[in-house]
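Enquirer: What follows is protein04.csv, CSV, C-alpha atoms and all ligand atoms.
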chain,number,residue,atom,x,y,z
V,1,MET,CA,-12.5,17.5,-21.8
V,2,GLN,CA,-16.0,18.3,-20.6
V,3,GLU,CA,-17.4,19.6,-17.3
V,4,VAL,CA,-18.2,16.7,-15.0
V,5,LYS,CA,-20.6,16.8,-12.0
V,6,VAL,CA,-20.8,13.8,-9.5
V,7,SER,CA,-22.5,13.4,-6.2
V,8,ALA,CA,-22.3,10.9,-3.3
V,9,PRO,CA,-24.6,10.5,-0.4
V,10,GLY,CA,-24.0,10.4,3.4
V,11,LYS,CA,-24.5,7.3,5.4
V,12,ILE,CA,-25.6,6.0,8.8
V,13,ILE,CA,-24.6,2.9,10.6
V,14,LEU,CA,-27.8,1.2,11.9
V,15,PHE,CA,-26.1,-1.5,13.9
V,16,GLY,CA,-22.6,-2.7,14.8
V,17,GLU,CA,-20.3,0.3,14.8
V,18,HIS,CA,-17.0,-0.2,16.7
V,19,ALA,CA,-17.5,-3.9,16.9
V,20,VAL,CA,-17.1,-3.9,13.1
V,21,VAL,CA,-13.4,-2.8,13.6
V,22,TYR,CA,-13.0,-6.1,15.5
V,23,ASN,CA,-14.4,-8.2,12.6
V,24,ARG,CA,-18.0,-8.4,13.8
V,25,PRO,CA,-20.7,-7.6,11.3
V,26,ALA,CA,-22.4,-4.2,10.9
V,27,ILE,CA,-25.3,-2.8,8.9
V,28,ALA,CA,-25.2,0.6,7.2
V,29,VAL,CA,-27.5,2.5,4.8
V,30,PRO,CA,-27.0,5.5,2.5
V,31,VAL,CA,-28.6,8.8,3.4
V,32,THR,CA,-29.5,10.8,0.3
V,33,GLN,CA,-30.8,13.9,2.1
V,34,VAL,CA,-27.1,14.9,2.6
V,35,GLN,CA,-24.7,15.0,-0.3
V,36,VAL,CA,-21.2,15.8,-1.5
V,37,GLU,CA,-21.1,17.3,-5.0
V,38,VAL,CA,-17.9,17.5,-7.0
V,39,THR,CA,-17.8,19.7,-10.2
V,40,ILE,CA,-14.8,19.6,-12.4
V,41,THR,CA,-14.4,22.3,-15.0
V,42,PRO,CA,-11.6,22.2,-17.7
V,43,LEU,CA,-9.1,25.0,-17.7
V,44,GLU,CA,-8.1,24.9,-21.4
V,45,LYS,CA,-5.7,27.7,-21.5
V,46,SER,CA,-3.8,27.1,-18.3
V,47,SER,CA,-0.3,25.6,-17.9
V,48,PRO,CA,-0.4,21.8,-18.3
V,49,ASN,CA,-0.2,21.0,-14.6
V,50,THR,CA,-2.7,23.5,-13.1
V,51,VAL,CA,-5.3,21.7,-10.9
V,52,ILE,CA,-7.2,24.1,-8.6
V,53,ILE,CA,-9.1,22.6,-5.7
V,54,GLN,CA,-11.8,24.6,-4.0
V,55,SER,CA,-13.7,23.3,-1.0
V,56,PRO,CA,-15.6,26.2,0.6
V,57,ASN,CA,-17.0,24.1,3.5
V,58,ILE,CA,-13.5,23.6,4.9
V,59,GLY,CA,-12.1,26.9,3.7
V,60,LEU,CA,-9.8,25.3,1.2
V,61,GLU,CA,-8.6,26.9,-2.0
V,62,SER,CA,-5.3,25.6,-3.3
V,63,GLU,CA,-3.4,24.2,-6.3
V,64,LEU,CA,-3.1,20.4,-6.1
V,65,LYS,CA,0.7,20.6,-6.2
V,66,ASP,CA,0.7,22.8,-3.0
V,67,LEU,CA,-1.3,20.3,-0.9
V,68,LEU,CA,0.6,18.2,1.6
V,69,GLU,CA,1.5,14.6,0.4
V,70,HIS,CA,-0.9,13.1,3.0
V,71,HIS,CA,-3.8,15.4,2.4
V,72,PRO,CA,-6.8,13.1,1.8
V,73,ILE,CA,-7.8,15.0,-1.4
V,74,LYS,CA,-4.3,14.6,-2.8
V,75,VAL,CA,-4.1,11.0,-1.9
V,76,ALA,CA,-7.5,10.4,-3.6
V,77,LEU,CA,-6.4,12.2,-6.8
V,78,MET,CA,-2.9,10.6,-6.9
V,79,GLY,CA,-4.7,7.2,-6.4
V,80,VAL,CA,-6.8,7.9,-9.5
V,81,CYS,CA,-3.6,8.9,-11.5
V,82,ARG,CA,-1.9,5.6,-10.4
V,83,LYS,CA,-4.9,3.5,-11.3
V,84,LEU,CA,-5.3,5.2,-14.8
V,85,ASN,CA,-1.6,5.1,-15.3
V,86,ILE,CA,-1.4,8.8,-16.1
V,87,ALA,CA,1.3,11.3,-14.8
V,88,GLU,CA,-1.1,14.1,-14.1
V,89,ILE,CA,-4.7,15.3,-14.2
V,90,PRO,CA,-5.5,17.5,-17.2
V,91,PRO,CA,-5.8,21.2,-16.2
V,92,CYS,CA,-9.0,21.8,-14.4
V,93,SER,CA,-10.8,23.4,-11.4
V,94,ILE,CA,-12.3,21.0,-8.9
V,95,CYS,CA,-15.0,22.3,-6.7
V,96,ILE,CA,-16.2,20.3,-3.7
V,97,HIS,CA,-19.5,21.2,-2.1
V,98,SER,CA,-20.9,19.3,0.9
V,99,THR,CA,-24.1,19.3,3.0
V,100,ILE,CA,-22.7,16.5,5.2
V,101,PRO,CA,-21.5,17.7,8.5
V,102,VAL,CA,-17.8,16.9,9.2
V,103,ALA,CA,-16.8,14.4,11.9
V,104,SER,CA,-20.3,13.6,12.8
V,105,GLY,CA,-20.8,9.9,11.8
V,106,LEU,CA,-22.5,10.7,8.5
V,107,GLY,CA,-19.5,9.6,6.3
V,108,SER,CA,-18.4,13.0,5.1
V,109,GLY,CA,-14.8,12.0,4.5
V,110,ALA,CA,-15.8,8.9,2.5
V,111,ALA,CA,-18.4,10.7,0.5
V,112,VAL,CA,-15.8,13.3,-0.6
V,113,SER,CA,-13.4,10.6,-1.6
V,114,VAL,CA,-16.0,8.6,-3.6
V,115,ALA,CA,-17.4,11.6,-5.4
V,116,LEU,CA,-13.9,13.0,-6.1
V,117,ILE,CA,-12.5,9.6,-7.4
V,118,ARG,CA,-15.5,9.1,-9.6
V,119,ALA,CA,-15.5,12.7,-10.9
V,120,VAL,CA,-11.8,12.7,-11.8
V,121,SER,CA,-11.8,9.4,-13.5
V,122,ALA,CA,-14.9,10.4,-15.5
V,123,PHE,CA,-13.2,13.8,-16.3
V,124,CYS,CA,-10.2,11.8,-17.7
V,125,GLU,CA,-12.7,9.9,-19.8
V,126,ARG,CA,-11.9,6.6,-18.1
V,127,PRO,CA,-14.5,6.1,-15.4
V,128,LEU,CA,-13.5,3.6,-12.8
V,129,SER,CA,-15.7,0.7,-11.7
V,130,ASP,CA,-17.5,0.7,-8.4
V,131,ALA,CA,-15.0,-1.9,-7.0
V,132,GLU,CA,-12.0,0.4,-8.1
V,133,VAL,CA,-13.6,3.5,-6.6
V,134,ASN,CA,-14.3,1.6,-3.3
V,135,GLU,CA,-10.7,0.3,-3.1
V,136,LEU,CA,-9.2,3.8,-3.7
V,137,ALA,CA,-11.7,5.4,-1.2
V,138,TYR,CA,-10.6,2.8,1.4
V,139,GLU,CA,-7.0,3.9,1.0
V,140,VAL,CA,-8.1,7.5,1.8
V,141,GLU,CA,-10.2,6.3,4.8
V,142,LYS,CA,-6.9,5.0,6.3
V,143,ILE,CA,-5.7,8.6,6.5
V,144,HIS,CA,-8.9,9.8,8.2
V,145,HIS,CA,-9.4,6.9,10.5
V,146,LEU,CA,-6.0,4.9,10.7
V,147,THR,CA,-7.7,1.5,11.1
V,148,PRO,CA,-11.0,1.9,9.3
V,149,SER,CA,-13.3,-1.1,8.8
V,150,GLY,CA,-14.2,0.0,5.3
V,151,ILE,CA,-17.9,0.2,6.0
V,152,ASP,CA,-18.2,3.9,5.1
V,153,ASN,CA,-16.6,3.8,1.7
V,154,SER,CA,-18.5,0.6,0.8
V,155,VAL,CA,-22.0,1.9,1.6
V,156,ILE,CA,-21.3,5.2,0.0
V,157,THR,CA,-19.8,3.7,-3.2
V,158,TYR,CA,-22.7,1.3,-3.7
V,159,GLU,CA,-25.5,3.5,-2.3
V,160,LYS,CA,-27.4,0.5,-1.0
V,161,PRO,CA,-28.1,-0.9,2.5
V,162,ILE,CA,-25.2,-3.3,3.3
V,163,PHE,CA,-24.3,-6.1,5.7
V,164,PHE,CA,-20.6,-5.7,6.2
V,165,ILE,CA,-17.8,-7.7,7.7
V,166,LYS,CA,-14.3,-6.2,7.6
V,167,GLY,CA,-12.0,-7.9,5.0
V,168,GLU,CA,-14.9,-9.9,3.4
V,169,PRO,CA,-17.0,-9.1,0.3
V,170,PHE,CA,-20.1,-7.3,1.7
V,171,SER,CA,-23.7,-8.3,0.8
V,172,THR,CA,-26.4,-5.8,-0.1
V,173,LEU,CA,-29.5,-6.1,2.2
V,174,GLU,CA,-33.0,-6.5,0.8
V,175,VAL,CA,-35.3,-4.5,3.0
V,176,GLY,CA,-38.5,-6.5,3.5
V,177,LYS,CA,-40.6,-3.5,4.5
V,178,PRO,CA,-39.5,0.1,4.4
V,179,PHE,CA,-39.0,1.8,7.8
V,180,TRP,CA,-38.3,5.3,9.0
V,181,VAL,CA,-35.4,6.7,11.0
V,182,ILE,CA,-34.9,10.2,12.4
V,183,ILE,CA,-31.3,11.3,12.5
V,184,GLY,CA,-30.5,13.7,15.3
V,185,ASP,CA,-27.3,15.8,15.1
V,186,THR,CA,-25.6,17.0,18.4
V,187,ARG,CA,-23.4,19.3,16.2
V,188,ILE,CA,-20.6,18.1,18.4
V,189,SER,CA,-17.8,17.1,16.1
V,190,SER,CA,-16.0,14.0,17.3
V,191,PRO,CA,-13.1,12.7,15.1
V,192,THR,CA,-13.5,8.9,14.5
V,193,ALA,CA,-9.8,8.3,14.8
V,194,ILE,CA,-9.7,9.5,18.4
V,195,THR,CA,-12.7,7.5,19.6
V,196,VAL,CA,-11.6,4.4,17.7
V,197,SER,CA,-8.1,4.6,19.2
V,198,GLU,CA,-9.5,5.0,22.7
V,199,VAL,CA,-11.7,2.0,22.3
V,200,ARG,CA,-8.6,0.1,21.2
V,201,GLN,CA,-6.7,1.1,24.3
V,202,ALA,CA,-9.6,0.0,26.5
V,203,TRP,CA,-9.8,-3.3,24.5
V,204,GLU,CA,-6.1,-3.9,25.0
V,205,ALA,CA,-6.5,-3.3,28.8
V,206,ALA,CA,-9.5,-5.6,29.1
V,207,ARG,CA,-9.7,-7.9,26.1
V,208,LEU,CA,-12.0,-10.5,27.5
V,209,THR,CA,-14.6,-8.0,28.5
V,210,TYR,CA,-14.5,-6.1,25.2
V,211,GLU,CA,-14.6,-9.3,23.2
V,212,ARG,CA,-17.7,-10.4,25.1
V,213,ILE,CA,-19.4,-7.1,24.4
V,214,PHE,CA,-18.4,-7.3,20.7
V,215,ASP,CA,-19.9,-10.8,20.5
V,216,GLN,CA,-23.1,-9.6,22.0
V,217,ILE,CA,-23.2,-6.7,19.4
V,218,ARG,CA,-22.7,-9.4,16.7
V,219,ASP,CA,-25.8,-11.3,17.9
V,220,VAL,CA,-27.8,-8.0,17.8
V,221,VAL,CA,-26.6,-7.3,14.3
V,222,LEU,CA,-27.5,-10.8,13.1
V,223,GLN,CA,-31.0,-10.5,14.5
V,224,ALA,CA,-31.4,-7.0,13.0
V,225,LYS,CA,-30.3,-8.4,9.6
V,226,GLU,CA,-33.0,-11.0,9.7
V,227,ALA,CA,-35.7,-8.5,11.0
V,228,ILE,CA,-34.8,-6.1,8.2
V,229,GLU,CA,-34.9,-8.8,5.5
V,230,THR,CA,-38.2,-10.2,6.7
V,231,GLY,CA,-39.8,-6.8,7.3
V,232,GLU,CA,-40.3,-7.3,11.1
V,233,VAL,CA,-39.7,-3.7,11.7
V,234,GLU,CA,-41.2,-3.7,15.2
V,235,LYS,CA,-38.3,-6.0,16.3
V,236,LEU,CA,-35.7,-3.4,15.3
V,237,GLY,CA,-36.5,-0.9,18.0
V,238,GLY,CA,-35.6,-3.2,20.9
V,239,LEU,CA,-32.4,-4.3,19.0
V,240,MET,CA,-31.3,-0.6,18.6
V,241,ASN,CA,-31.8,-0.1,22.3
V,242,ARG,CA,-29.7,-3.2,23.1
V,243,ASN,CA,-27.0,-2.1,20.7
V,244,HIS,CA,-26.9,1.3,22.3
V,245,GLU,CA,-26.5,-0.2,25.8
V,246,PHE,CA,-23.4,-2.0,24.6
V,247,LEU,CA,-22.0,1.2,23.1
V,248,ARG,CA,-22.6,2.8,26.5
V,249,GLN,CA,-20.6,0.0,28.0
V,250,ILE,CA,-17.6,0.7,25.8
V,251,ASN,CA,-17.9,4.3,26.8
V,252,VAL,CA,-18.6,6.0,23.4
V,253,SER,CA,-21.8,7.7,24.3
V,254,SER,CA,-22.0,11.2,25.7
V,255,PRO,CA,-24.4,13.2,27.9
V,256,GLU,CA,-25.7,15.1,24.8
V,257,LEU,CA,-26.4,11.9,22.9
V,258,GLU,CA,-28.1,10.4,26.0
V,259,ARG,CA,-30.4,13.4,26.4
V,260,ILE,CA,-31.6,13.2,22.7
V,261,ILE,CA,-32.0,9.4,22.8
V,262,GLU,CA,-34.0,9.6,26.0
V,263,ALA,CA,-36.2,12.4,24.6
V,264,ALA,CA,-36.9,10.3,21.4
V,265,LEU,CA,-37.8,7.2,23.4
V,266,LYS,CA,-40.1,9.2,25.7
V,267,ALA,CA,-41.8,10.8,22.7
V,268,GLY,CA,-42.6,7.4,21.3
V,269,ALA,CA,-39.6,6.3,19.2
V,270,LEU,CA,-39.5,2.5,18.8
V,271,GLY,CA,-35.8,2.4,19.6
V,272,ALA,CA,-32.8,4.7,19.5
V,273,LYS,CA,-29.0,4.6,19.6
V,274,LEU,CA,-25.9,6.6,18.7
V,275,SER,CA,-24.7,6.1,15.1
V,276,GLY,CA,-21.1,6.2,14.0
V,277,SER,CA,-18.2,6.6,16.3
V,278,GLY,CA,-20.1,8.4,19.1
V,279,ARG,CA,-19.0,10.9,21.8
V,280,GLY,CA,-21.0,13.5,19.7
V,281,GLY,CA,-22.0,13.4,16.1
V,282,ASN,CA,-25.4,11.8,15.4
V,283,MET,CA,-27.9,9.5,16.9
V,284,ILE,CA,-30.8,7.7,15.2
V,285,ALA,CA,-34.4,6.9,16.3
V,286,LEU,CA,-36.7,4.4,14.7
V,287,VAL,CA,-40.2,5.8,14.3
V,288,HIS,CA,-43.5,5.3,12.6
V,289,GLU,CA,-43.7,7.9,9.9
V,290,HIS,CA,-47.0,9.4,11.1
V,291,GLU,CA,-45.5,9.9,14.6
V,292,SER,CA,-42.2,11.4,13.4
V,293,LYS,CA,-43.1,15.1,13.8
V,294,PRO,CA,-43.6,15.2,17.6
V,295,ILE,CA,-40.6,12.9,18.1
V,296,ALA,CA,-38.3,15.2,16.0
V,297,GLU,CA,-39.6,18.2,18.0
V,298,ALA,CA,-38.8,16.4,21.3
V,299,MET,CA,-35.3,15.6,20.0
V,300,GLN,CA,-34.8,19.2,19.1
V,301,LYS,CA,-35.9,20.4,22.5
V,302,ALA,CA,-33.4,17.9,24.0
V,303,GLY,CA,-30.5,19.5,22.0
V,304,ALA,CA,-30.6,18.0,18.5
V,305,MET,CA,-29.4,20.9,16.3
V,306,ARG,CA,-30.8,19.3,13.2
V,307,THR,CA,-33.2,16.4,12.6
V,308,THR,CA,-33.5,14.5,9.3
V,309,LEU,CA,-36.2,12.0,8.6
V,310,THR,CA,-35.0,9.3,6.3
V,311,ARG,CA,-36.8,6.2,4.7
V,312,ILE,CA,-34.9,3.0,4.6
V,313,GLY,CA,-35.8,0.6,1.8
V,401,LIG,O1,-17.1,7.5,10.6
V,401,LIG,P1,-18.1,7.2,11.6
V,401,LIG,O2,-18.2,8.1,12.8
V,401,LIG,O3,-19.4,6.8,11.0
V,401,LIG,O4,-17.6,5.8,12.4
V,401,LIG,C1,-17.2,4.7,11.7
V,401,LIG,C2,-17.6,3.5,12.5
V,401,LIG,C3,-16.6,2.9,13.3
V,401,LIG,O5,-17.1,1.5,13.4
V,401,LIG,C4,-16.6,3.5,14.7
V,401,LIG,C5,-15.2,2.9,12.7
V,401,LIG,C6,-15.1,2.0,11.5
V,401,LIG,O6,-14.0,2.1,10.8
V,401,LIG,O7,-15.9,1.2,11.1
As a first step, turn the structure in this file into structure tokens.
Ligand code: PMV
Expert:
Amino acid sequence: MQEVKVSAPGKIILFGEHAVVYNRPAIAVPVTQVQVEVTITPLEKSSPNTVIIQSPNIGLESELKDLLEHHPIKVALMGVCRKLNIAEIPPCSICIHSTIPVASGLGSGAAVSVALIRAVSAFCERPLSDAEVNELAYEVEKIHHLTPSGIDNSVITYEKPIFFIKGEPFSTLEVGKPFWVIIGDTRISSPTAITVSEVRQAWEAARLTYERIFDQIRDVVLQAKEAIETGEVEKLGGLMNRNHEFLRQINVSSPELERIIEAALKAGALGAKLSGSGRGGNMIALVHEHESKPIAEAMQKAGAMRTTLTRIG
């Protein structure tokens, strides 16, 4: 057995979050500026079933056998064992390092699962295919999010911009002309499962209204897909603003997100919206690269604790 190192990127949803849970399309892209890195080191002399897990970011240091059955890390590792048809993972130490903030819409949970599943299957000298990694990571997402659409694990597994509809094979998006987005982090952690279940309750209470909003989001996503593919970047700003207005209507924005979005637009962003499940986490602003510095500064003044400029395409 040899040491294995695997990394996985974060992600942002450009268009269509929440509506994607209700079978409307969405668009997501990988963000390589933030990463999860998993290192697996063999423990040759240990007893046969010693697997040590260390994840300093979440203060975890434990043996695999001591983790609860439904712990996402355990579910991911047991999934790999099942897939490879092995009783246990050879003795090793698994170290998980992440620069992706937790519960902030950047896909930290899915990135840990993808990196972990890839690393363990490679360590066992039987690397799984992308499709198998994606399938197992989706099972873990169910623990994090209860009713996940599957968009996070898909974009992170394939590391490409994707056009995604729940339950259907996704397509990768060809970006006609690269564009730039600043990600602004409120540093308010907001668990996806809670926001998604509150949206569900509201949908159950007013189905017609919510279905109409989700249909309008679908129209925005379809126009955005075309604009991205044909390189009509200037159209994307207005579409982001419209998408955000619908997210406001389903009550997933927050005063902190609104302040940063407003500051970005005032400073010259072409469009801005929350990204991910909302109520905190991250927002995104579409910018011309040469104007990105003053816009990022305005976002920081309005409360963004961290800004990250990322190129798409
Ligand atoms: O994990 P987040 O915060 O990026 O949110 C996921 C996006 C949702 O559409 C809200 C949920 C889902 O499963 O697609």
Enquirer: Compile the contact shell of range 156-171 of chain V as a short mmCIF file (atom, residue, chain, number, x, y, z; two decimals) with C-alpha atoms, keeping the file's coordinate frame: residues with an atom at most 7 Å away, counting all atoms listed in the file, same-chain residues fewer than 2 positions apart removed.
Expert:
data_model
loop_
_atom_site.label_atom_id
_atom_site.label_comp_id
_atom_site.auth_asym_id
_atom_site.auth_seq_id
_atom_site.Cartn_x
_atom_site.Cartn_y
_atom_site.Cartn_z
CA ALA V 8 -22.30 10.90 -3.30
CA PRO V 9 -24.60 10.50 -0.40
CA GLY V 10 -24.00 10.40 3.40
CA LYS V 11 -24.50 7.30 5.40
CA VAL V 20 -17.10 -3.90 13.10
CA VAL V 21 -13.40 -2.80 13.60
CA ASN V 23 -14.40 -8.20 12.60
CA ARG V 24 -18.00 -8.40 13.80
CA PRO V 25 -20.70 -7.60 11.30
CA ALA V 26 -22.40 -4.20 10.90
CA ILE V 27 -25.30 -2.80 8.90
CA ALA V 28 -25.20 0.60 7.20
CA VAL V 29 -27.50 2.50 4.80
CA PRO V 30 -27.00 5.50 2.50
CA ALA V 111 -18.40 10.70 0.50
CA VAL V 114 -16.00 8.60 -3.60
CA ASP V 130 -17.50 0.70 -8.40
CA ASN V 134 -14.30 1.60 -3.30
CA SER V 149 -13.30 -1.10 8.80
CA GLY V 150 -14.20 0.00 5.30
CA ILE V 151 -17.90 0.20 6.00
CA ASP V 152 -18.20 3.90 5.10
CA ASN V 153 -16.60 3.80 1.70
CA SER V 154 -18.50 0.60 0.80
CA LEU V 173 -29.50 -6.10 2.20
#
Enquirer: Between V:Lys266, V:Phe214, V:Val140, V:Leu257, single out the one closest to Asn243 in chain V, counting all atoms listed in the file.
Expert: V:Phe214
Enquirer: Residues within 7 Å of ligand LIG 401 (chain V) should be enumerated using only C-alpha atoms and all ligand atoms and returned as a list in words.
Expert: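 Within the 7 Å cut-off, the matching residues are Ile12, Ile13, Glu17, His18, Ala19, Val20, Val21, Ala103, Ser104, Gly105, Leu106, Gly107, His145, Thr147, Pro148, Ser149, Gly150, Ile151, Asp152, Thr192, Val196, Ser275, Gly276, Ser277 and Gly278 of chain V.
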Enquirer: Quick one: everything within 6 Å of Ile182 in chain V, counting all atoms listed in the file, minus sequence neighbours fewer than 5 positions away in the same chain. Send it as number ranges by chain.
Expert: V: 284-285, 308-309
Enquirer: Could you please take those selected residues and save C-alpha atoms as a JSON list (two decimals), in the frame of the given file?
Expert:
[["chain", "number", "residue", "atom", "x", "y", "z"],
["V", 284, "ILE", "CA", -30.80, 7.70, 15.20],
["V", 285, "ALA", "CA", -34.40, 6.90, 16.30],
["V", 308, "THR", "CA", -33.50, 14.50, 9.30],
["V", 309, "LEU", "CA", -36.20, 12.00, 8.60]]
Enquirer: Pick out the residues sitting within 10 Å of Trp180 in chain V, and hand them over as a list of chain:residue names; count only C-alpha atoms, and ignore anything fewer than 2 positions along from it in its own chain.
Expert: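 Selected residues are V:Pro178, V:Ile182, V:Ile183, V:Val233, V:Ala285, V:Leu286, V:Val287, V:His288, V:Glu289, V:His290, V:Ser292, V:Leu309, V:Thr310, V:Arg311, V:Ile312, V:Gly313.
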Enquirer: Rank nothing, just name the residue among V:Leu60, V:Ile295, V:Val36, V:Leu43 nearest to Ser93 in chain V, using all atoms listed in the file.
Expert: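 Between V:Leu60, V:Ile295, V:Val36, V:Leu43, the residue approaching Ser93 in chain V most closely is V:Leu43.
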Enquirer: Quick one: everything within 10 Å of Asn49 in chain V, counting only C-alpha atoms, minus sequence neighbours fewer than 6 positions away in the same chain. Send it as a list in words.
Expert: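 The residues satisfying every condition are Glu63, Leu64, Lys65, Ala87, Glu88, Ile89, Pro90, Pro91 and Cys92 of chain V.
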Enquirer: Between CA of Tyr138 in chain V and CA of Glu198 in chain V, what is the distance in Å, rounded to a tenth?
Expert: 21.4 Å
Enquirer: Regenerate range 143-150 of chain V at the level of all heavy atoms and dump it as a PDB file, keeping the file's coordinate frame.
Expert:
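Result file is out19.pdb:
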ATOM      1  N   ILE V 143      -6.276   7.383   6.025  1.00  0.00           N
ATOM      2  CA  ILE V 143      -5.700   8.600   6.500  1.00  0.00           C
ATOM      3  C   ILE V 143      -6.623   9.282   7.529  1.00  0.00           C
ATOM      4  O   ILE V 143      -6.195   9.776   8.555  1.00  0.00           O
ATOM      5  CB  ILE V 143      -5.472   9.611   5.319  1.00  0.00           C
ATOM      6  CG1 ILE V 143      -4.473   8.988   4.373  1.00  0.00           C
ATOM      7  CG2 ILE V 143      -5.000  10.976   5.804  1.00  0.00           C
ATOM      8  CD1 ILE V 143      -4.370   9.729   3.090  1.00  0.00           C
ATOM      9  N   HIS V 144      -7.932   9.204   7.248  1.00  0.00           N
ATOM     10  CA  HIS V 144      -8.900   9.800   8.200  1.00  0.00           C
ATOM     11  C   HIS V 144      -8.948   9.016   9.492  1.00  0.00           C
ATOM     12  O   HIS V 144      -8.999   9.588  10.562  1.00  0.00           O
ATOM     13  CB  HIS V 144     -10.315   9.759   7.585  1.00  0.00           C
ATOM     14  CG  HIS V 144     -10.533  10.740   6.464  1.00  0.00           C
ATOM     15  ND1 HIS V 144     -10.406  12.088   6.639  1.00  0.00           N
ATOM     16  CD2 HIS V 144     -10.897  10.553   5.174  1.00  0.00           C
ATOM     17  CE1 HIS V 144     -10.678  12.700   5.495  1.00  0.00           C
ATOM     18  NE2 HIS V 144     -10.966  11.800   4.594  1.00  0.00           N
ATOM     19  N   HIS V 145      -8.986   7.692   9.382  1.00  0.00           N
ATOM     20  CA  HIS V 145      -9.400   6.900  10.500  1.00  0.00           C
ATOM     21  C   HIS V 145      -8.283   5.896  11.014  1.00  0.00           C
ATOM     22  O   HIS V 145      -8.532   5.138  11.942  1.00  0.00           O
ATOM     23  CB  HIS V 145     -10.593   5.988  10.196  1.00  0.00           C
ATOM     24  CG  HIS V 145     -11.837   6.763   9.903  1.00  0.00           C
ATOM     25  ND1 HIS V 145     -12.998   6.164   9.509  1.00  0.00           N
ATOM     26  CD2 HIS V 145     -12.099   8.080   9.961  1.00  0.00           C
ATOM     27  CE1 HIS V 145     -13.923   7.091   9.318  1.00  0.00           C
ATOM     28  NE2 HIS V 145     -13.389   8.262   9.587  1.00  0.00           N
ATOM     29  N   LEU V 146      -7.158   5.837  10.365  1.00  0.00           N
ATOM     30  CA  LEU V 146      -6.000   4.900  10.700  1.00  0.00           C
ATOM     31  C   LEU V 146      -6.369   3.453  10.523  1.00  0.00           C
ATOM     32  O   LEU V 146      -5.707   2.769   9.777  1.00  0.00           O
ATOM     33  CB  LEU V 146      -5.527   5.208  12.124  1.00  0.00           C
ATOM     34  CG  LEU V 146      -5.176   6.680  12.412  1.00  0.00           C
ATOM     35  CD1 LEU V 146      -4.790   6.867  13.874  1.00  0.00           C
ATOM     36  CD2 LEU V 146      -4.071   7.188  11.502  1.00  0.00           C
ATOM     37  N   THR V 147      -7.412   2.950  11.260  1.00  0.00           N
ATOM     38  CA  THR V 147      -7.700   1.500  11.100  1.00  0.00           C
ATOM     39  C   THR V 147      -9.214   1.364  10.726  1.00  0.00           C
ATOM     40  O   THR V 147      -9.986   0.744  11.456  1.00  0.00           O
ATOM     41  CB  THR V 147      -7.520   0.769  12.451  1.00  0.00           C
ATOM     42  OG1 THR V 147      -8.310   1.455  13.464  1.00  0.00           O
ATOM     43  CG2 THR V 147      -6.094   0.720  12.872  1.00  0.00           C
ATOM     44  N   PRO V 148      -9.608   1.918   9.588  1.00  0.00           N
ATOM     45  CA  PRO V 148     -11.000   1.900   9.300  1.00  0.00           C
ATOM     46  C   PRO V 148     -11.504   0.472   8.921  1.00  0.00           C
ATOM     47  O   PRO V 148     -10.729  -0.341   8.416  1.00  0.00           O
ATOM     48  CB  PRO V 148     -11.105   2.757   7.993  1.00  0.00           C
ATOM     49  CG  PRO V 148      -9.775   2.612   7.358  1.00  0.00           C
ATOM     50  CD  PRO V 148      -8.793   2.464   8.489  1.00  0.00           C
ATOM     51  N   SER V 149     -12.767   0.201   9.220  1.00  0.00           N
ATOM     52  CA  SER V 149     -13.300  -1.100   8.800  1.00  0.00           C
ATOM     53  C   SER V 149     -13.543  -1.169   7.333  1.00  0.00           C
ATOM     54  O   SER V 149     -13.529  -2.244   6.747  1.00  0.00           O
ATOM     55  CB  SER V 149     -14.606  -1.371   9.583  1.00  0.00           C
ATOM     56  OG  SER V 149     -15.561  -0.401   9.216  1.00  0.00           O
ATOM     57  N   GLY V 150     -13.827  -0.005   6.724  1.00  0.00           N
ATOM     58  CA  GLY V 150     -14.200   0.000   5.300  1.00  0.00           C
ATOM     59  C   GLY V 150     -15.670   0.106   5.052  1.00  0.00           C
ATOM     60  O   GLY V 150     -16.125   0.140   3.907  1.00  0.00           O
TER      61      GLY V 150
END
